[in-house]
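J.: My structure is below; once you've seen it, I'll send some questions.
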Amino acid sequence: MVKGSSPDKTEDIVIEISNVWKIFGENAAEAMKAIQGEGLTKAQALAKYNAVVGVADVSLSVKRGEIFCVMGLSGSGKSTLVRHLNRLLEPTAGQIVIDGTDVMALSPANLQKFRNRNIGMVFQNFALMPHRSVLDNVAMPLEIRKVNKNDRMRQAAAILEIVELGAWGSKFAHELSGGMQQRVGLARALAANPDVLLMDEPFSALDPLIRRQLQDEFLRLSNILRKTTVFITHDLDEAVRIGDRIAIMRDGRVVQVGNAEEIVMNPADDYVADFVAGISRLKVVRAHAIMEPIARYAAGNAPLPSDAPRVSENETLSALIRLAIDSDSPILVEDGNTDVGVVTREGILRTVIEGADVS
């Protein structure tokens with residue numbers, strides 16, 4: 001059972017993955033039947049059927065405009081999963097629907113059109129054509145779409161301006177730094193204005209400073225373009241920094257889905273707890289997660305002073321700590337103009353030390 005939040009059914013769902021399996025090997029069908037019928041583990045399926053379970057019964061929903069991070073250790077199935085969304089890999093079983101289109105039902109010709117018009121992909125390796133200029137590389141998806149040269153060059157130039165590489169259009173890939181090449185790869189994925197962006201560890205090969213700069217650039221572009229994005233990473237810090245929600249995978253299965261705060265505060269199991277153990281809660285945990293409801297606090301404590309500090313539900317733990325240092329009073333938490341909770345020094349300390357939810 002996957003623990004975590006899921007989109008409200010009234011929200012605009014762009015990607016719906018239902019019970020997707022991928023088993024590699026000549027005996028994949030027999031292995032899957034045994035896994036479902038006899039409860040074979042991944043190791044047992046390998047030993048008995050020489051079959052490798054890449055993805056195991058994954059179901060996920062991604063909202064329009066959301067950055068949805070999928071993370072896990074090497075071999076967890078995250079990159080295998082993302083390659084099913086545009087059918088670079090064919091699932092052994094399951095359904096994939098993107099913006100109302102059943103991807104599994106598409107013919108080869110229609111699948112190629114769908115990929116070109118609806119999905120952009122950014123890989124870990126930049127995959128730029130060395131014999132083409134930066135501008136020509138970015139214009140490639142439009143060329144495949146048979147957009148006339150003037151229009152595709154104009155659109156490619158506009159995207160290069162957005163990623164702040166407008167002056168580099170006539171250069172070749174080898175003349176650019178690694179970070180610049182990855183920005184070209186991102187521009188190429190965006191040039192055809194796809195509905196969905198798939199990013200498979202796009203920054204992991206870069207130096208830490210350049211990587212953080214590209215994360216900032218990606219967040220800036222996301223705020224402008226609002227592309228529905230599935231972002232694969234093995235780095236929890238990266239997932240926490242850029243993801244609206246995060247799915248954590250292990251042995252091909254999704255073990256928890258939620259926003260960063262939910263996962264850090266309430267890990268589904270010991271595996272997830274180990275993952276989040278090194279993450280600072282200071283900018284992840286918000287006031288609403290550690291407050292005591294106002295009615296419960298009022299029933300057992302003295303009235304709060306009129307000058308008690310006030311914060312919104314989304315105030316960070318680091319800001320709450322600063323307030324607790326400056327004031328002896330508990331902190332009032334507001335939702336709009338309504339007092340909804342109280343954060344005490346005890347609650348702050350418990351959260352810092354234990355990660356406990358005191359609400």
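Labeling convention for the structure tokens: chains A, B, ... as they appear, residues from 1 per chain, ligands from 1 in order of appearance.
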Residues near Ala289 of chain A, anyone? I mean within 12 Å using only C-alpha atoms, not counting same-chain ones fewer than 2 positions away, as a count of residues only.
T.: 34
J.: Assign secondary structure with DSSP using the backbone only, and return the residues of segment 63-128 of chain A in helix (DSSP H, G or I) as a PyMOL selection string.
T.: chain A and resi 78-85+103-105+108-118
J.: Could you name the residues that touch Val52 of chain A at 9 Å or less, counting only C-alpha atoms, but leaving out those on the same chain fewer than 4 positions away, as a tab-separated table (two decimals) with C-alpha atoms, in the first residue's frame?
T.:
chain	number	residue	atom	x	y	z
A	22	LYS	CA	7.53	-3.94	-16.37
A	23	ILE	CA	9.25	-7.29	-16.16
A	24	PHE	CA	12.32	-7.92	-18.29
A	25	GLY	CA	13.17	-11.38	-19.63
A	28	ALA	CA	8.13	-12.16	-18.17
A	31	ALA	CA	7.01	-14.45	-13.81
A	42	LYS	CA	11.78	-9.59	-6.93
A	43	ALA	CA	14.67	-11.86	-5.94
A	45	ALA	CA	11.32	-13.98	-9.72
A	46	LEU	CA	14.92	-13.54	-10.81
J.: So which residues touch segment 76-78 of chain A within 8 Å, counting only C-alpha atoms, skipping near sequence neighbours fewer than 3 positions away, as a PyMOL selection string?
T.: chain A and resi 54-55+70-73+81-82+232+249-253
J.: Mind dumping the selected residues with N, CA and C atoms as a short mmCIF file (atom, residue, chain, number, x, y, z; two decimals), in the first residue's frame?
T.:
data_model
loop_
_atom_site.label_atom_id
_atom_site.label_comp_id
_atom_site.auth_asym_id
_atom_site.auth_seq_id
_atom_site.Cartn_x
_atom_site.Cartn_y
_atom_site.Cartn_z
N GLY A 54 11.29 -4.53 -13.12
CA GLY A 54 11.71 -3.14 -13.21
C GLY A 54 10.73 -2.18 -12.57
N VAL A 55 9.45 -2.42 -12.83
CA VAL A 55 8.36 -1.61 -12.26
C VAL A 55 7.28 -2.57 -11.78
N VAL A 70 10.12 11.86 -9.04
CA VAL A 70 10.20 10.44 -8.73
C VAL A 70 11.65 10.15 -8.35
N MET A 71 11.84 9.63 -7.15
CA MET A 71 13.21 9.43 -6.69
C MET A 71 13.39 8.06 -6.03
N GLY A 72 14.65 7.66 -5.98
CA GLY A 72 15.00 6.39 -5.37
C GLY A 72 16.46 6.11 -5.67
N LEU A 73 16.98 5.05 -5.07
CA LEU A 73 18.35 4.66 -5.33
C LEU A 73 18.48 4.03 -6.71
N LEU A 81 10.42 3.66 -15.09
CA LEU A 81 9.03 4.14 -15.06
C LEU A 81 8.83 5.30 -16.03
N VAL A 82 9.72 6.28 -16.02
CA VAL A 82 9.49 7.47 -16.84
C VAL A 82 9.54 7.13 -18.33
N ILE A 232 12.90 12.97 -12.68
CA ILE A 232 13.54 11.82 -12.06
C ILE A 232 14.83 12.27 -11.39
N MET A 249 10.55 5.49 -4.70
CA MET A 249 10.47 4.13 -5.21
C MET A 249 11.51 3.23 -4.57
N ARG A 250 11.15 1.96 -4.44
CA ARG A 250 12.06 0.94 -3.96
C ARG A 250 11.69 -0.39 -4.61
N ASP A 251 12.67 -1.06 -5.21
CA ASP A 251 12.45 -2.37 -5.84
C ASP A 251 11.30 -2.33 -6.83
N GLY A 252 11.20 -1.24 -7.58
CA GLY A 252 10.17 -1.14 -8.61
C GLY A 252 8.83 -0.65 -8.13
N ARG A 253 8.66 -0.49 -6.83
CA ARG A 253 7.37 -0.07 -6.27
C ARG A 253 7.45 1.34 -5.72
#
J.: For atom CA of Ser18 of chain A and atom CA of Val58 of chain A, determine how far apart the two atoms are, in Å to one decimal place.
T.: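 Value for the atom CA of Ser18 of chain A-atom CA of Val58 of chain A distance: 6.5 Å.
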J.: DSSP on the backbone: which residues in segment 217-346 of chain A end up as strand (DSSP E or B)? Give the answer as a CSV table (one decimal) with N, CA, C and O atoms, in the first residue's frame.
T.:
chain,number,residue,atom,x,y,z
A,228,THR,N,3.6,20.6,-17.2
A,228,THR,CA,3.4,19.4,-16.3
A,228,THR,C,4.7,18.6,-16.5
A,228,THR,O,5.1,18.2,-17.6
A,229,THR,N,5.4,18.4,-15.4
A,229,THR,CA,6.8,17.8,-15.4
A,229,THR,C,6.9,16.6,-14.5
A,229,THR,O,6.5,16.6,-13.3
A,230,VAL,N,7.4,15.5,-15.1
A,230,VAL,CA,7.9,14.4,-14.3
A,230,VAL,C,9.4,14.4,-14.2
A,230,VAL,O,10.0,14.3,-15.3
A,231,PHE,N,9.9,14.6,-13.0
A,231,PHE,CA,11.4,14.8,-12.8
A,231,PHE,C,12.0,13.7,-12.1
A,231,PHE,O,11.6,13.4,-10.9
A,232,ILE,N,12.9,13.0,-12.7
A,232,ILE,CA,13.5,11.8,-12.1
A,232,ILE,C,14.8,12.3,-11.4
A,232,ILE,O,15.6,13.0,-12.0
A,233,THR,N,15.1,11.8,-10.2
A,233,THR,CA,16.3,12.2,-9.5
A,233,THR,C,16.6,11.1,-8.4
A,233,THR,O,15.7,10.5,-7.9
A,245,ARG,N,5.3,17.6,-5.5
A,245,ARG,CA,5.1,16.3,-4.8
A,245,ARG,C,6.2,15.4,-5.2
A,245,ARG,O,6.8,15.5,-6.2
A,246,ILE,N,6.4,14.4,-4.3
A,246,ILE,CA,7.5,13.4,-4.5
A,246,ILE,C,7.0,12.0,-4.4
A,246,ILE,O,6.2,11.7,-3.5
A,247,ALA,N,7.4,11.1,-5.3
A,247,ALA,CA,7.2,9.7,-5.1
A,247,ALA,C,8.5,9.0,-4.9
A,247,ALA,O,9.5,9.2,-5.6
A,248,ILE,N,8.6,8.2,-3.8
A,248,ILE,CA,9.8,7.5,-3.5
A,248,ILE,C,9.6,6.0,-3.9
A,248,ILE,O,8.6,5.4,-3.5
A,249,MET,N,10.6,5.5,-4.7
A,249,MET,CA,10.5,4.1,-5.2
A,249,MET,C,11.5,3.2,-4.6
A,249,MET,O,12.6,3.7,-4.2
A,250,ARG,N,11.1,2.0,-4.4
A,250,ARG,CA,12.1,0.9,-4.0
A,250,ARG,C,11.7,-0.4,-4.6
A,250,ARG,O,10.5,-0.8,-4.6
A,253,ARG,N,8.7,-0.5,-6.8
A,253,ARG,CA,7.4,-0.1,-6.3
A,253,ARG,C,7.4,1.3,-5.7
A,253,ARG,O,8.5,1.8,-5.3
A,254,VAL,N,6.3,2.0,-5.7
A,254,VAL,CA,6.2,3.3,-5.1
A,254,VAL,C,5.8,3.1,-3.7
A,254,VAL,O,4.7,2.5,-3.4
A,255,VAL,N,6.6,3.5,-2.7
A,255,VAL,CA,6.3,3.3,-1.3
A,255,VAL,C,5.7,4.5,-0.6
A,255,VAL,O,5.1,4.3,0.4
A,256,GLN,N,5.9,5.7,-1.2
A,256,GLN,CA,5.2,6.8,-0.6
A,256,GLN,C,5.1,8.0,-1.6
A,256,GLN,O,6.1,8.2,-2.4
A,257,VAL,N,4.0,8.7,-1.5
A,257,VAL,CA,3.8,9.9,-2.4
A,257,VAL,C,3.3,11.0,-1.4
A,257,VAL,O,2.5,10.8,-0.6
A,258,GLY,N,3.9,12.2,-1.6
A,258,GLY,CA,3.5,13.3,-0.8
A,258,GLY,C,4.3,14.5,-1.1
A,258,GLY,O,5.3,14.4,-1.9
A,286,ARG,N,6.3,23.3,7.9
A,286,ARG,CA,5.5,24.5,8.0
A,286,ARG,C,4.7,24.5,9.3
A,286,ARG,O,4.5,23.5,10.0
A,292,GLU,N,-0.7,23.2,17.6
A,292,GLU,CA,-1.7,22.6,18.3
A,292,GLU,C,-3.0,23.3,18.0
A,292,GLU,O,-3.0,24.6,18.0
A,293,PRO,N,-4.1,22.6,17.7
A,293,PRO,CA,-5.4,23.3,17.4
A,293,PRO,C,-5.8,24.4,18.4
A,293,PRO,O,-5.6,24.1,19.6
A,310,ARG,N,2.3,36.4,15.5
A,310,ARG,CA,1.3,35.7,14.6
A,310,ARG,C,2.0,35.4,13.3
A,310,ARG,O,2.8,36.2,12.7
A,311,VAL,N,1.7,34.2,12.8
A,311,VAL,CA,2.3,33.7,11.5
A,311,VAL,C,1.2,33.1,10.7
A,311,VAL,O,0.1,32.7,11.2
A,312,SER,N,1.5,32.9,9.4
A,312,SER,CA,0.6,32.1,8.5
A,312,SER,C,0.8,30.6,8.7
A,312,SER,O,1.8,30.2,9.2
A,316,THR,N,7.8,28.9,7.8
A,316,THR,CA,8.7,27.8,7.9
A,316,THR,C,9.2,27.6,9.3
A,316,THR,O,9.1,28.5,10.2
A,331,ILE,N,3.2,31.0,19.8
A,331,ILE,CA,3.0,31.7,18.5
A,331,ILE,C,1.7,31.3,17.9
A,331,ILE,O,1.3,30.2,17.8
A,332,LEU,N,0.9,32.4,17.6
A,332,LEU,CA,-0.4,32.1,17.0
A,332,LEU,C,-0.3,31.8,15.5
A,332,LEU,O,0.5,32.5,14.8
A,333,VAL,N,-1.1,30.9,15.0
A,333,VAL,CA,-1.1,30.5,13.6
A,333,VAL,C,-2.4,30.9,13.0
A,333,VAL,O,-3.5,30.6,13.5
A,334,GLU,N,-2.4,31.7,11.9
A,334,GLU,CA,-3.6,32.2,11.3
A,334,GLU,C,-3.8,31.5,9.9
A,334,GLU,O,-2.9,31.2,9.2
A,335,ASP,N,-5.1,31.3,9.6
A,335,ASP,CA,-5.5,31.0,8.3
A,335,ASP,C,-6.4,32.2,7.8
A,335,ASP,O,-7.5,32.3,8.2
A,338,THR,N,-8.3,34.2,10.6
A,338,THR,CA,-8.8,33.3,11.7
A,338,THR,C,-7.7,32.6,12.4
A,338,THR,O,-6.8,32.1,11.7
A,339,ASP,N,-7.7,32.7,13.7
A,339,ASP,CA,-6.7,32.0,14.5
A,339,ASP,C,-7.0,30.5,14.5
A,339,ASP,O,-8.1,30.1,14.9
A,340,VAL,N,-6.1,29.6,14.0
A,340,VAL,CA,-6.4,28.2,13.9
A,340,VAL,C,-5.5,27.3,14.8
A,340,VAL,O,-5.8,26.2,15.0
A,341,GLY,N,-4.4,27.8,15.3
A,341,GLY,CA,-3.5,27.0,16.1
A,341,GLY,C,-2.5,27.8,16.8
A,341,GLY,O,-2.4,29.0,16.7
A,342,VAL,N,-1.7,27.0,17.6
A,342,VAL,CA,-0.7,27.6,18.4
A,342,VAL,C,0.6,26.8,18.3
A,342,VAL,O,0.5,25.5,18.4
A,343,VAL,N,1.7,27.4,18.1
A,343,VAL,CA,3.0,26.7,18.1
A,343,VAL,C,3.7,27.1,19.4
A,343,VAL,O,3.9,28.3,19.7
J.: Ser329 of chain A: which residues within 8 Å, counting only C-alpha atoms, same-chain residues fewer than 3 positions away excluded, as a PyMOL selection string?
T.: chain A and resi 304-305+308-309+324+344
J.: Could those selected residues go to a file with all heavy atoms, as a compact mmCIF listing (two decimals), in the first residue's frame?
T.:
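So again.txt came out as:
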# COMPACT_ATOMS: atom_id res chain seq x y z
N LEU A 304 -3.52 33.56 25.61
CA LEU A 304 -2.33 34.11 25.00
C LEU A 304 -2.30 35.63 25.17
O LEU A 304 -3.35 36.28 25.14
CB LEU A 304 -2.31 33.78 23.51
CG LEU A 304 -1.99 32.32 23.15
CD1 LEU A 304 -2.42 32.01 21.74
CD2 LEU A 304 -0.50 32.06 23.31
N PRO A 305 -1.12 36.19 25.33
CA PRO A 305 -1.04 37.65 25.44
C PRO A 305 -1.45 38.31 24.12
O PRO A 305 -1.32 37.72 23.04
CB PRO A 305 0.44 37.90 25.75
CG PRO A 305 1.15 36.70 25.28
CD PRO A 305 0.20 35.55 25.46
N ALA A 308 1.10 38.41 21.27
CA ALA A 308 1.70 37.15 20.83
C ALA A 308 2.03 37.23 19.34
O ALA A 308 1.26 37.77 18.54
CB ALA A 308 0.75 35.98 21.08
N PRO A 309 3.19 36.72 18.93
CA PRO A 309 3.54 36.73 17.50
C PRO A 309 2.51 35.96 16.69
O PRO A 309 1.94 34.96 17.16
CB PRO A 309 4.90 36.03 17.47
CG PRO A 309 5.42 36.09 18.85
CD PRO A 309 4.23 36.09 19.75
N ALA A 324 10.63 32.22 18.29
CA ALA A 324 10.69 31.64 19.64
C ALA A 324 11.90 32.15 20.41
O ALA A 324 11.86 32.23 21.65
CB ALA A 324 10.72 30.11 19.54
N THR A 344 4.14 26.09 20.14
CA THR A 344 4.88 26.32 21.38
C THR A 344 6.36 26.00 21.19
O THR A 344 6.75 25.31 20.23
CB THR A 344 4.32 25.44 22.51
OG1 THR A 344 4.55 24.06 22.17
CG2 THR A 344 2.83 25.68 22.71
J.: Show which residues sit within 6 Å of Glu16 of chain A, as a list in words. Count only C-alpha atoms, and ignore same-chain residues fewer than 2 positions away.
T.: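 Contacts, with the query itself left out: Leu60, Ser61, Ile96 and Val97 of chain A.
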J.: Take the residues that were just selected and, keeping C-alpha atoms, output them as an mmCIF file, in the first residue's frame.
T.:
data_model
loop_
_atom_site.group_PDB
_atom_site.id
_atom_site.type_symbol
_atom_site.label_atom_id
_atom_site.label_comp_id
_atom_site.auth_asym_id
_atom_site.auth_seq_id
_atom_site.Cartn_x
_atom_site.Cartn_y
_atom_site.Cartn_z
ATOM 1 C CA LEU A 60 0.238 7.594 -9.942
ATOM 2 C CA SER A 61 -1.574 10.771 -10.930
ATOM 3 C CA ILE A 96 -1.031 5.044 -19.166
ATOM 4 C CA VAL A 97 -3.263 7.992 -20.026
#
J.: For the atom pair atom CA of Glu66 of chain A and atom CA of Leu190 of chain A, what is the interatomic distance in Å to one decimal place?
T.: 15.8 Å
J.: Suppose you want the space between atom CA of Arg350 of chain A and atom CA of Ile321 of chain A; what is it in Å?
T.: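 Those two atoms sit 11.8 Å apart.
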